[in-house]
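**Student:** entry24.txt is reproduced in full below (compact mmCIF, C-alpha atoms and all ligand atoms).
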```txt
# COMPACT_ATOMS: atom_id res chain seq x y z
CA MET A 1 146.60 136.17 -47.55
CA TYR A 2 149.25 136.62 -44.90
CA PRO A 3 150.72 139.83 -43.59
CA GLU A 4 153.95 141.00 -45.15
CA ILE A 5 156.65 139.61 -42.94
CA LEU A 6 159.03 142.31 -41.80
CA ILE A 7 162.33 140.50 -41.66
CA SER A 8 165.51 142.13 -42.86
CA ASP A 9 167.34 138.81 -43.42
CA GLU A 10 166.38 137.83 -46.98
CA LYS A 11 167.09 134.12 -46.50
CA LEU A 12 165.01 134.00 -43.33
CA LYS A 13 162.18 135.81 -45.10
CA GLN A 14 162.24 133.28 -47.96
CA ILE A 15 162.09 130.36 -45.55
CA ALA A 16 159.25 131.93 -43.55
CA ASN A 17 157.24 132.58 -46.70
CA LYS A 18 157.86 129.02 -47.86
CA VAL A 19 156.39 127.76 -44.59
CA LEU A 20 153.40 130.08 -44.87
CA ASP A 21 152.78 128.97 -48.46
CA GLY A 22 152.51 125.40 -47.16
CA ASN A 23 155.76 124.20 -48.74
CA ARG A 24 158.21 121.84 -47.10
CA ILE A 25 161.51 123.26 -45.86
CA SER A 26 164.81 121.38 -46.15
CA LEU A 27 167.11 120.31 -43.33
CA ASP A 28 169.43 123.27 -44.01
CA GLU A 29 166.51 125.69 -44.10
CA GLY A 30 165.18 124.23 -40.84
CA VAL A 31 168.52 124.73 -39.13
CA TYR A 32 168.80 128.28 -40.51
CA LEU A 33 165.33 129.12 -39.25
CA TYR A 34 166.11 127.61 -35.84
CA ASP A 35 169.41 129.49 -35.53
CA ASN A 36 168.16 132.84 -36.79
CA GLY A 37 164.41 133.06 -36.23
CA ASP A 38 163.33 134.83 -33.06
CA LEU A 39 160.60 133.55 -30.80
CA SER A 40 157.89 135.76 -32.30
CA LEU A 41 158.60 134.55 -35.85
CA LEU A 42 158.75 130.88 -34.86
CA GLY A 43 155.61 131.31 -32.78
CA PHE A 44 153.72 132.97 -35.64
CA LEU A 45 154.69 130.22 -38.10
CA ALA A 46 154.02 127.37 -35.68
CA ASN A 47 150.67 128.75 -34.60
CA THR A 48 149.60 129.30 -38.20
CA ILE A 49 150.32 125.65 -39.00
CA ARG A 50 148.73 124.45 -35.76
CA GLU A 51 145.51 126.29 -36.59
CA ARG A 52 145.50 125.11 -40.20
CA LYS A 53 145.85 121.50 -39.12
CA ASN A 54 143.80 121.44 -35.92
CA GLY A 55 141.91 124.74 -35.69
CA ASN A 56 141.37 125.74 -32.10
CA ASN A 57 141.12 122.14 -30.88
CA THR A 58 143.28 120.87 -28.03
CA TYR A 59 143.16 117.15 -27.43
CA PHE A 60 143.54 115.10 -24.28
CA ASN A 61 142.56 111.64 -23.08
CA ARG A 62 141.88 109.84 -19.82
CA ASN A 63 144.77 107.55 -19.23
CA LEU A 64 146.68 105.55 -16.70
CA HIS A 65 150.45 105.03 -16.77
CA ILE A 66 151.92 101.78 -15.49
CA GLU A 67 155.67 101.41 -15.07
CA PRO A 68 156.13 97.68 -14.38
CA THR A 69 159.71 97.98 -13.11
CA ASN A 70 162.67 100.32 -12.89
CA THR A 71 165.14 97.44 -13.17
CA CYS A 72 166.95 97.96 -16.47
CA VAL A 73 169.73 96.21 -18.34
CA TYR A 74 170.86 99.60 -19.65
CA ALA A 75 172.21 102.67 -17.89
CA CYS A 76 171.52 105.69 -20.10
CA LYS A 77 173.37 108.72 -18.82
CA PHE A 78 170.40 111.11 -18.98
CA CYS A 79 168.09 108.64 -17.19
CA SER A 80 167.00 109.27 -13.60
CA TYR A 81 164.56 106.39 -13.62
CA TYR A 82 166.48 103.13 -13.71
CA LYS A 83 167.46 101.46 -10.43
CA LYS A 84 171.02 102.45 -9.51
CA LYS A 85 173.28 100.29 -7.34
CA GLY A 86 172.10 100.31 -3.72
CA GLU A 87 168.72 101.88 -4.58
CA ASP A 88 165.33 100.33 -3.88
CA GLY A 89 163.44 99.49 -7.00
CA TRP A 90 160.16 97.84 -7.83
CA GLU A 91 158.91 94.95 -9.93
CA TYR A 92 155.15 94.68 -10.15
CA SER A 93 153.77 91.19 -10.63
CA GLN A 94 151.48 90.35 -13.54
CA ASP A 95 148.51 90.27 -11.12
CA GLN A 96 149.41 93.64 -9.61
CA ILE A 97 149.49 95.25 -13.05
CA VAL A 98 146.11 93.83 -14.04
CA GLU A 99 144.72 94.95 -10.68
CA MET A 100 145.91 98.52 -11.35
CA VAL A 101 143.88 98.57 -14.56
CA ARG A 102 140.82 97.08 -12.80
CA ASN A 103 141.07 99.75 -10.09
CA ALA A 104 141.57 102.65 -12.48
CA GLY A 105 137.87 103.28 -13.08
CA SER A 106 135.72 102.76 -16.12
CA ASP A 107 136.30 106.26 -17.52
CA ILE A 108 139.97 105.49 -18.33
CA THR A 109 140.26 104.77 -22.07
CA GLU A 110 144.00 104.02 -22.34
CA VAL A 111 146.70 102.25 -20.37
CA HIS A 112 150.23 103.39 -21.18
CA ILE A 113 152.88 100.83 -20.17
CA VAL A 114 156.61 101.59 -20.29
CA GLY A 115 159.43 100.90 -17.87
CA GLY A 116 162.93 99.58 -17.51
CA VAL A 117 164.23 96.79 -19.76
CA HIS A 118 163.97 93.90 -17.34
CA PRO A 119 166.61 91.19 -17.95
CA LYS A 120 164.14 88.27 -17.76
CA TRP A 121 160.74 89.41 -19.04
CA ASP A 122 159.82 88.68 -22.65
CA VAL A 123 157.01 89.01 -25.18
CA HIS A 124 155.00 86.16 -23.61
CA TYR A 125 155.40 87.48 -20.06
CA TYR A 126 153.90 90.82 -21.09
CA GLY A 127 151.48 89.13 -23.49
CA GLU A 128 149.84 87.34 -20.55
CA ILE A 129 149.33 90.73 -18.87
CA PHE A 130 147.76 92.15 -22.04
CA LYS A 131 145.42 89.15 -22.30
CA GLN A 132 144.22 89.64 -18.74
CA ILE A 133 143.85 93.41 -19.16
CA LYS A 134 141.72 92.88 -22.27
CA SER A 135 139.65 90.28 -20.51
CA ALA A 136 138.98 92.71 -17.62
CA ARG A 137 138.52 95.77 -19.89
CA PRO A 138 137.97 94.71 -23.53
CA ASP A 139 137.49 98.33 -24.63
CA ILE A 140 140.71 99.73 -23.16
CA HIS A 141 143.51 100.76 -25.54
CA ILE A 142 146.92 99.27 -24.68
CA LYS A 143 149.80 101.55 -25.68
CA ALA A 144 153.01 99.93 -24.59
CA PHE A 145 156.81 99.79 -24.77
CA THR A 146 159.54 101.93 -26.17
CA ALA A 147 161.34 100.57 -29.21
CA VAL A 148 164.27 99.39 -27.08
CA GLU A 149 161.92 97.34 -24.87
CA ILE A 150 160.31 95.80 -27.95
CA SER A 151 163.71 94.82 -29.39
CA TYR A 152 164.82 93.27 -26.12
CA ILE A 153 161.66 91.35 -25.22
CA SER A 154 161.40 90.00 -28.77
CA LYS A 155 165.01 88.81 -28.71
CA ARG A 156 164.50 87.28 -25.27
CA ALA A 157 161.59 85.25 -26.73
CA GLY A 158 163.78 84.14 -29.66
CA MET A 159 161.86 86.29 -32.13
CA SER A 160 162.63 88.96 -34.70
CA VAL A 161 161.19 92.43 -34.04
CA ARG A 162 158.47 91.72 -36.64
CA GLU A 163 157.52 88.44 -34.97
CA GLY A 164 157.61 90.07 -31.53
CA LEU A 165 155.36 92.93 -32.59
CA GLN A 166 152.94 90.60 -34.39
CA THR A 167 152.72 88.38 -31.28
CA LEU A 168 152.21 91.39 -28.99
CA LYS A 169 149.45 92.59 -31.32
CA GLU A 170 147.75 89.21 -31.08
CA TYR A 171 147.96 89.45 -27.28
CA GLY A 172 146.27 92.89 -27.33
CA LEU A 173 148.85 95.61 -28.08
CA ASP A 174 147.10 98.50 -29.86
CA SER A 175 149.83 101.11 -30.32
CA ILE A 176 153.33 102.02 -29.19
CA PRO A 177 154.49 105.24 -27.51
CA GLY A 178 157.42 107.29 -28.75
CA GLY A 179 160.08 106.85 -26.09
CA GLY A 180 163.64 105.69 -26.57
CA ALA A 181 164.33 107.84 -29.64
CA GLU A 182 166.49 110.22 -27.54
CA ILE A 183 168.67 111.82 -30.23
CA PHE A 184 169.41 110.05 -33.50
CA ASP A 185 172.79 111.59 -34.27
CA GLU A 186 175.22 108.69 -33.84
CA GLU A 187 177.98 110.64 -32.09
CA ILE A 188 175.71 112.32 -29.54
CA ARG A 189 173.75 109.11 -29.01
CA LYS A 190 176.96 107.25 -28.24
CA GLN A 191 177.79 109.80 -25.56
CA ILE A 192 174.43 109.82 -23.75
CA CYS A 193 173.14 106.27 -24.26
CA GLY A 194 175.81 104.30 -26.10
CA GLN A 195 174.67 100.87 -24.92
CA LYS A 196 171.12 101.00 -26.14
CA ASP A 197 169.71 100.38 -29.64
CA THR A 198 170.94 102.56 -32.47
CA ALA A 199 168.85 105.19 -34.24
CA GLU A 200 168.44 102.79 -37.18
CA GLN A 201 167.04 100.13 -34.87
CA TRP A 202 164.57 102.59 -33.28
CA LEU A 203 163.34 103.65 -36.71
CA LEU A 204 163.07 100.04 -37.87
CA VAL A 205 160.91 99.05 -34.88
CA HIS A 206 158.51 101.89 -35.67
CA GLN A 207 158.52 101.19 -39.41
CA THR A 208 157.75 97.53 -38.74
CA ALA A 209 154.96 98.47 -36.32
CA HIS A 210 153.39 100.74 -38.93
CA GLU A 211 153.64 97.99 -41.56
CA LEU A 212 151.77 95.68 -39.16
CA GLY A 213 149.03 98.27 -38.62
CA ILE A 214 150.25 99.37 -35.19
CA PRO A 215 150.34 103.18 -34.96
CA SER A 216 152.98 104.91 -32.84
CA ASN A 217 154.26 108.19 -31.48
CA ALA A 218 157.72 109.76 -31.64
CA THR A 219 159.88 111.79 -29.25
CA ASN A 220 163.30 113.30 -28.82
CA ILE A 221 165.26 114.40 -25.77
CA TYR A 222 166.55 117.94 -26.19
CA GLY A 223 168.61 120.27 -24.04
CA HIS A 224 171.72 118.24 -23.12
CA ILE A 225 174.86 118.16 -25.29
CA GLU A 226 173.20 118.40 -28.69
CA ASN A 227 172.74 121.55 -30.82
CA ASN A 228 170.07 122.88 -33.17
CA TRP A 229 171.43 120.89 -36.12
CA HIS A 230 171.12 117.63 -34.19
CA ARG A 231 167.54 118.51 -33.21
CA VAL A 232 166.44 119.26 -36.77
CA GLU A 233 168.31 116.27 -38.16
CA HIS A 234 166.43 114.07 -35.66
CA ILE A 235 163.01 115.30 -36.74
CA ASN A 236 164.14 115.10 -40.38
CA ARG A 237 164.59 111.31 -39.99
CA LEU A 238 161.12 111.10 -38.45
CA ARG A 239 159.63 113.12 -41.30
CA ASP A 240 161.26 110.79 -43.84
CA LEU A 241 159.83 107.71 -42.14
CA GLN A 242 156.39 109.29 -41.87
CA ASP A 243 156.49 109.91 -45.65
CA LYS A 244 156.94 106.16 -46.11
CA THR A 245 154.50 104.78 -43.56
CA ASN A 246 152.17 107.52 -42.28
CA GLY A 247 152.02 105.62 -38.98
CA PHE A 248 152.96 108.34 -36.48
CA ASN A 249 150.18 110.17 -34.65
CA VAL A 250 152.11 112.73 -32.69
CA PHE A 251 155.57 114.11 -31.94
CA ILE A 252 156.45 114.87 -28.32
CA PRO A 253 159.58 116.94 -27.57
CA LEU A 254 160.95 115.83 -24.19
CA LYS A 255 163.15 118.18 -22.18
CA PHE A 256 166.32 116.86 -20.53
CA LYS A 257 165.91 117.22 -16.75
CA ASN A 258 169.06 117.19 -14.68
CA LYS A 259 168.26 115.62 -11.29
CA ASN A 260 169.62 112.22 -10.26
CA ASN A 261 171.41 111.23 -13.44
CA GLU A 262 174.91 111.10 -14.85
CA LEU A 263 174.44 114.36 -16.77
CA SER A 264 173.41 116.32 -13.68
CA TYR A 265 176.35 118.67 -14.20
CA LEU A 266 174.58 120.13 -17.26
CA PRO A 267 172.22 123.07 -16.72
CA GLU A 268 168.68 122.75 -18.01
CA VAL A 269 167.74 124.90 -21.00
CA SER A 270 165.55 128.01 -20.60
CA ILE A 271 161.83 128.31 -21.27
CA ILE A 272 162.71 130.23 -24.45
CA GLU A 273 164.61 127.16 -25.69
CA ASP A 274 161.66 124.95 -24.76
CA VAL A 275 159.23 127.08 -26.71
CA LYS A 276 161.53 127.24 -29.75
CA MET A 277 161.90 123.44 -29.78
CA TYR A 278 158.13 122.92 -29.81
CA ALA A 279 157.58 125.61 -32.43
CA MET A 280 160.30 124.21 -34.71
CA SER A 281 158.79 120.73 -34.38
CA ARG A 282 155.41 122.03 -35.54
CA ILE A 283 156.97 123.95 -38.43
CA TYR A 284 159.23 121.15 -39.64
CA LEU A 285 157.03 118.07 -39.20
CA ASP A 286 154.54 118.96 -41.91
CA ASN A 287 153.33 115.35 -42.14
CA PHE A 288 152.69 114.84 -38.40
CA PRO A 289 149.08 115.58 -37.47
CA HIS A 290 149.78 116.52 -33.83
CA ILE A 291 152.40 117.99 -31.48
CA LYS A 292 152.05 117.13 -27.81
CA ALA A 293 153.15 118.90 -24.64
CA TYR A 294 153.65 116.18 -22.05
CA TRP A 295 152.61 118.28 -19.06
CA PRO A 296 154.04 116.04 -16.26
CA MET A 297 157.47 116.76 -17.75
CA ILE A 298 157.23 120.39 -18.89
CA GLY A 299 154.77 121.59 -16.21
CA ARG A 300 151.18 122.64 -16.70
CA ASP A 301 151.85 126.40 -17.03
CA ILE A 302 154.40 126.01 -19.82
CA ALA A 303 152.22 123.38 -21.49
CA GLN A 304 149.42 125.93 -21.50
CA LEU A 305 151.71 128.56 -23.05
CA LEU A 306 152.81 126.07 -25.73
CA LEU A 307 149.23 125.92 -27.03
CA SER A 308 150.14 129.16 -28.86
CA PHE A 309 153.43 127.72 -30.19
CA GLY A 310 152.31 124.72 -32.21
CA VAL A 311 151.01 122.34 -29.55
CA ASP A 312 147.49 120.90 -29.93
CA ASP A 313 147.67 117.92 -27.54
CA PHE A 314 147.95 117.82 -23.76
CA ASP A 315 148.43 114.07 -23.19
CA GLY A 316 146.06 112.80 -20.49
CA THR A 317 144.84 113.00 -16.94
CA ILE A 318 147.66 110.55 -15.89
CA ASN A 319 146.32 110.02 -12.38
CA ASP A 320 149.66 110.27 -10.54
CA SER A 321 150.86 107.06 -12.13
CA THR A 322 154.28 107.97 -13.54
CA LYS A 323 157.66 108.38 -11.87
CA ILE A 324 159.86 108.82 -14.94
CA TYR A 325 160.01 112.61 -14.81
CA SER A 326 159.35 113.17 -11.10
CA ARG A 327 162.62 111.31 -10.39
CA ALA A 328 164.40 113.62 -12.85
CA GLY A 329 163.25 116.75 -11.00
CA ALA A 330 160.10 117.73 -12.93
CA ASN A 331 157.92 120.43 -11.35
CA GLU A 332 155.04 117.95 -11.22
CA GLN A 333 156.07 115.57 -8.46
CA SER A 334 152.65 113.86 -8.29
CA PRO A 335 151.17 114.39 -11.72
CA ALA A 336 147.40 114.06 -11.71
CA MET A 337 144.70 116.22 -13.24
CA THR A 338 140.96 115.80 -13.12
CA THR A 339 139.08 116.15 -16.38
CA ASP A 340 137.58 119.42 -15.08
CA GLU A 341 141.06 120.82 -14.37
CA MET A 342 142.27 119.79 -17.81
CA VAL A 343 139.27 121.40 -19.48
CA GLU A 344 139.71 124.64 -17.50
CA LEU A 345 143.43 124.82 -18.28
CA ILE A 346 142.78 124.48 -22.01
CA LYS A 347 139.88 126.95 -21.98
CA ALA A 348 141.95 129.50 -20.06
CA ALA A 349 144.43 129.48 -22.96
CA GLY A 350 141.57 130.30 -25.35
CA ARG A 351 141.47 126.83 -26.90
CA LYS A 352 138.73 124.24 -27.31
CA PRO A 353 139.15 121.09 -25.16
CA ILE A 354 138.44 117.83 -26.98
CA GLU A 355 138.57 114.50 -25.23
CA ARG A 356 139.97 111.96 -27.68
CA ASP A 357 140.70 108.27 -27.77
CA SER A 358 144.25 107.02 -28.35
CA ILE A 359 144.06 107.42 -32.12
CA TYR A 360 142.43 110.84 -32.08
CA ASN A 361 138.79 109.93 -32.58
CA VAL A 362 136.69 112.52 -30.77
CA ILE A 363 134.98 111.27 -27.61
CA LYS A 364 133.62 114.56 -26.29
CA GLU A 365 133.83 118.25 -27.13
CA TYR A 366 133.75 120.74 -24.24
S1 LIG A 401 166.19 105.41 -20.54
FE1 LIG A 401 165.11 103.46 -20.55
S2 LIG A 401 166.61 102.01 -21.41
FE2 LIG A 401 167.78 103.81 -20.70
S3 LIG A 401 168.36 103.30 -18.60
FE3 LIG A 401 166.45 104.49 -18.48
S4 LIG A 401 164.89 102.91 -18.37
FE4 LIG A 401 166.74 101.91 -19.13
```
Now, as a test, write the supplied structure out as structure tokens.

**Tutor:**
Amino acid sequence: MYPEILISDEKLKQIANKVLDGNRISLDEGVYLYDNGDLSLLGFLANTIRERKNGNNTYFNRNLHIEPTNTCVYACKFCSYYKKKGEDGWEYSQDQIVEMVRNAGSDITEVHIVGGVHPKWDVHYYGEIFKQIKSARPDIHIKAFTAVEISYISKRAGMSVREGLQTLKEYGLDSIPGGGAEIFDEEIRKQICGQKDTAEQWLLVHQTAHELGIPSNATNIYGHIENNWHRVEHINRLRDLQDKTNGFNVFIPLKFKNKNNELSYLPEVSIIEDVKMYAMSRIYLDNFPHIKAYWPMIGRDIAQLLLSFGVDDFDGTINDSTKIYSRAGANEQSPAMTTDEMVELIKAAGRKPIERDSIYNVIKEY
């Protein structure tokens, strides 16, 4: 039994009750709820679903990020990461990357590899790295490449996306992260990252990965020139694909940050907008098991707050190994958290910290 919801707007009340009854809401209903629901209503609905799906649990893992290069054949307007003309960049060698994994310590369970789309590197170049990583640390989970990297490195090796993914899997790829989705709406996508793969191509890479038994994550980038309809339409396409494949583990809303990129003239959205985006994601994505707050991007305090607005995953300890958001002006300029800090942060929000592996098997309960 749920409390009578005191909402004067009849349509809003119907949608809220539909959510509470465990029924799926449509795209139009999602947009209506987003436009008209206040923070307390969205929070109540999102938290109810969060607790039904995941109880009081809040997941994290011990991970290392490696960004092999910031050289990129693309120049997405929202991106602060790729090497601009006249800037110093980096290109780690295969040996350097393997060395980073060796030096990371035996408690790290996952290596997360994403970076720029290098003009020359292909499936076999990265495959050699995977082979050596697995030989040094057979138990480590390799989560690597955004969909646009997979398309490019497959093409560069003369392969289809399916062949590229299958070959990467044979080399040691275990899962793929969710980056590169940005915003699926064709018009908005054209304006912020018109050169890169289309929405259809992103979805096809993930569908193919799922068909090959490679799980993945999904993201969006919100808070630039899109509106609520574009945000819900984006997660609607993800929900449709998840119905077909059930291969996504988690959805991660990513906030547009406005330092050092071509959209720097845009203001960043408020914390209220952040919280609403996370809550709507939890409400709408009824077939996604988890919603993650990527704390190096959103900041640890807001991530902690989001644990009451649908979020049940805190990403990992990271170990100061990512530059993607620090270059865009994130609060966390050197993101690193010890396991003790992570556990305390989660406990302070009244939640139960659970260390997980990359596919949400429980490693340790705190
Ligand atoms: S978002 Fe990715 S693909 Fe686009 S420019 Fe940045 S690194 Fe390159």

**Student:** Give as a PDB file with C-alpha atoms, keeping the file's coordinate frame the residues surrounding ligand LIG 401 (chain A) up to a distance of 8 Å, considering all atoms listed in the file.

**Tutor:**
```
ATOM      1  CA  ASN A  70     162.670 100.320 -12.890  1.00  0.00           C
ATOM      2  CA  THR A  71     165.140  97.440 -13.170  1.00  0.00           C
ATOM      3  CA  CYS A  72     166.950  97.960 -16.470  1.00  0.00           C
ATOM      4  CA  VAL A  73     169.730  96.210 -18.340  1.00  0.00           C
ATOM      5  CA  TYR A  74     170.860  99.600 -19.650  1.00  0.00           C
ATOM      6  CA  ALA A  75     172.210 102.670 -17.890  1.00  0.00           C
ATOM      7  CA  CYS A  76     171.520 105.690 -20.100  1.00  0.00           C
ATOM      8  CA  LYS A  77     173.370 108.720 -18.820  1.00  0.00           C
ATOM      9  CA  PHE A  78     170.400 111.110 -18.980  1.00  0.00           C
ATOM     10  CA  CYS A  79     168.090 108.640 -17.190  1.00  0.00           C
ATOM     11  CA  SER A  80     167.000 109.270 -13.600  1.00  0.00           C
ATOM     12  CA  TYR A  81     164.560 106.390 -13.620  1.00  0.00           C
ATOM     13  CA  TYR A  82     166.480 103.130 -13.710  1.00  0.00           C
ATOM     14  CA  GLY A 115     159.430 100.900 -17.870  1.00  0.00           C
ATOM     15  CA  GLY A 116     162.930  99.580 -17.510  1.00  0.00           C
ATOM     16  CA  VAL A 117     164.230  96.790 -19.760  1.00  0.00           C
ATOM     17  CA  VAL A 148     164.270  99.390 -27.080  1.00  0.00           C
ATOM     18  CA  GLU A 149     161.920  97.340 -24.870  1.00  0.00           C
ATOM     19  CA  GLY A 180     163.640 105.690 -26.570  1.00  0.00           C
ATOM     20  CA  CYS A 193     173.140 106.270 -24.260  1.00  0.00           C
ATOM     21  CA  LYS A 196     171.120 101.000 -26.140  1.00  0.00           C
TER      22      LYS A 196
END
```

**Student:** One decimal, in Å: what's the spacing between atom CA of A:Phe248 and atom CA of A:Ser216?

**Tutor:** 5.0 Å

**Student:** Restricting the calculation to only C-alpha atoms, which member of A:Lys276, A:Arg189, A:Thr69, A:Thr208 is positioned closest to A:Asp88?

**Tutor:** A:Thr69

**Student:** Name the closest residue to A:Ser106 among the candidates A:Lys134, A:His118, A:Lys347, A:Arg62; distances are taken between atoms, counting all atoms listed in the file.

**Tutor:**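 Selected residue with least distance to A:Ser106: A:Arg62.
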
**Student:** Suppose you want the space between atom CA of A:Asn61 and atom CA of A:Gly316; what is it in Å?

**Tutor:**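 Between atom CA of A:Asn61 and atom CA of A:Gly316 the gap works out to 4.5 Å.
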
**Student:** So for stretch 38-52 of chain A, what box centre and size do we get, axis-aligned, 3 Å extra on each of the six sides, every listed atom, Å to one decimal, as JSON?

**Tutor:**
```
{"center_x": 154.4, "center_y": 130.1, "center_z": -35.5, "size_x": 23.8, "size_y": 17.3, "size_z": 15.4}
```

**Student:** Which neighbours of A:Ala293 fall inside 10 Å, counting only C-alpha atoms, when residues of the same chain fewer than 6 positions from it are skipped, and could you give them as a VMD selection string?

**Tutor:** chain A and resid 251 to 254 278 299 to 300 302 to 307 310 to 315

**Student:** Give as JSON, numbers by chain each residue that has an atom at most 8 Å from (163.4, 102.5, -32.2) in the file, counting all atoms listed in the file.

**Tutor:** {"A": [146, 147, 148, 180, 181, 197, 198, 199, 200, 201, 202, 203, 204, 205, 206]}
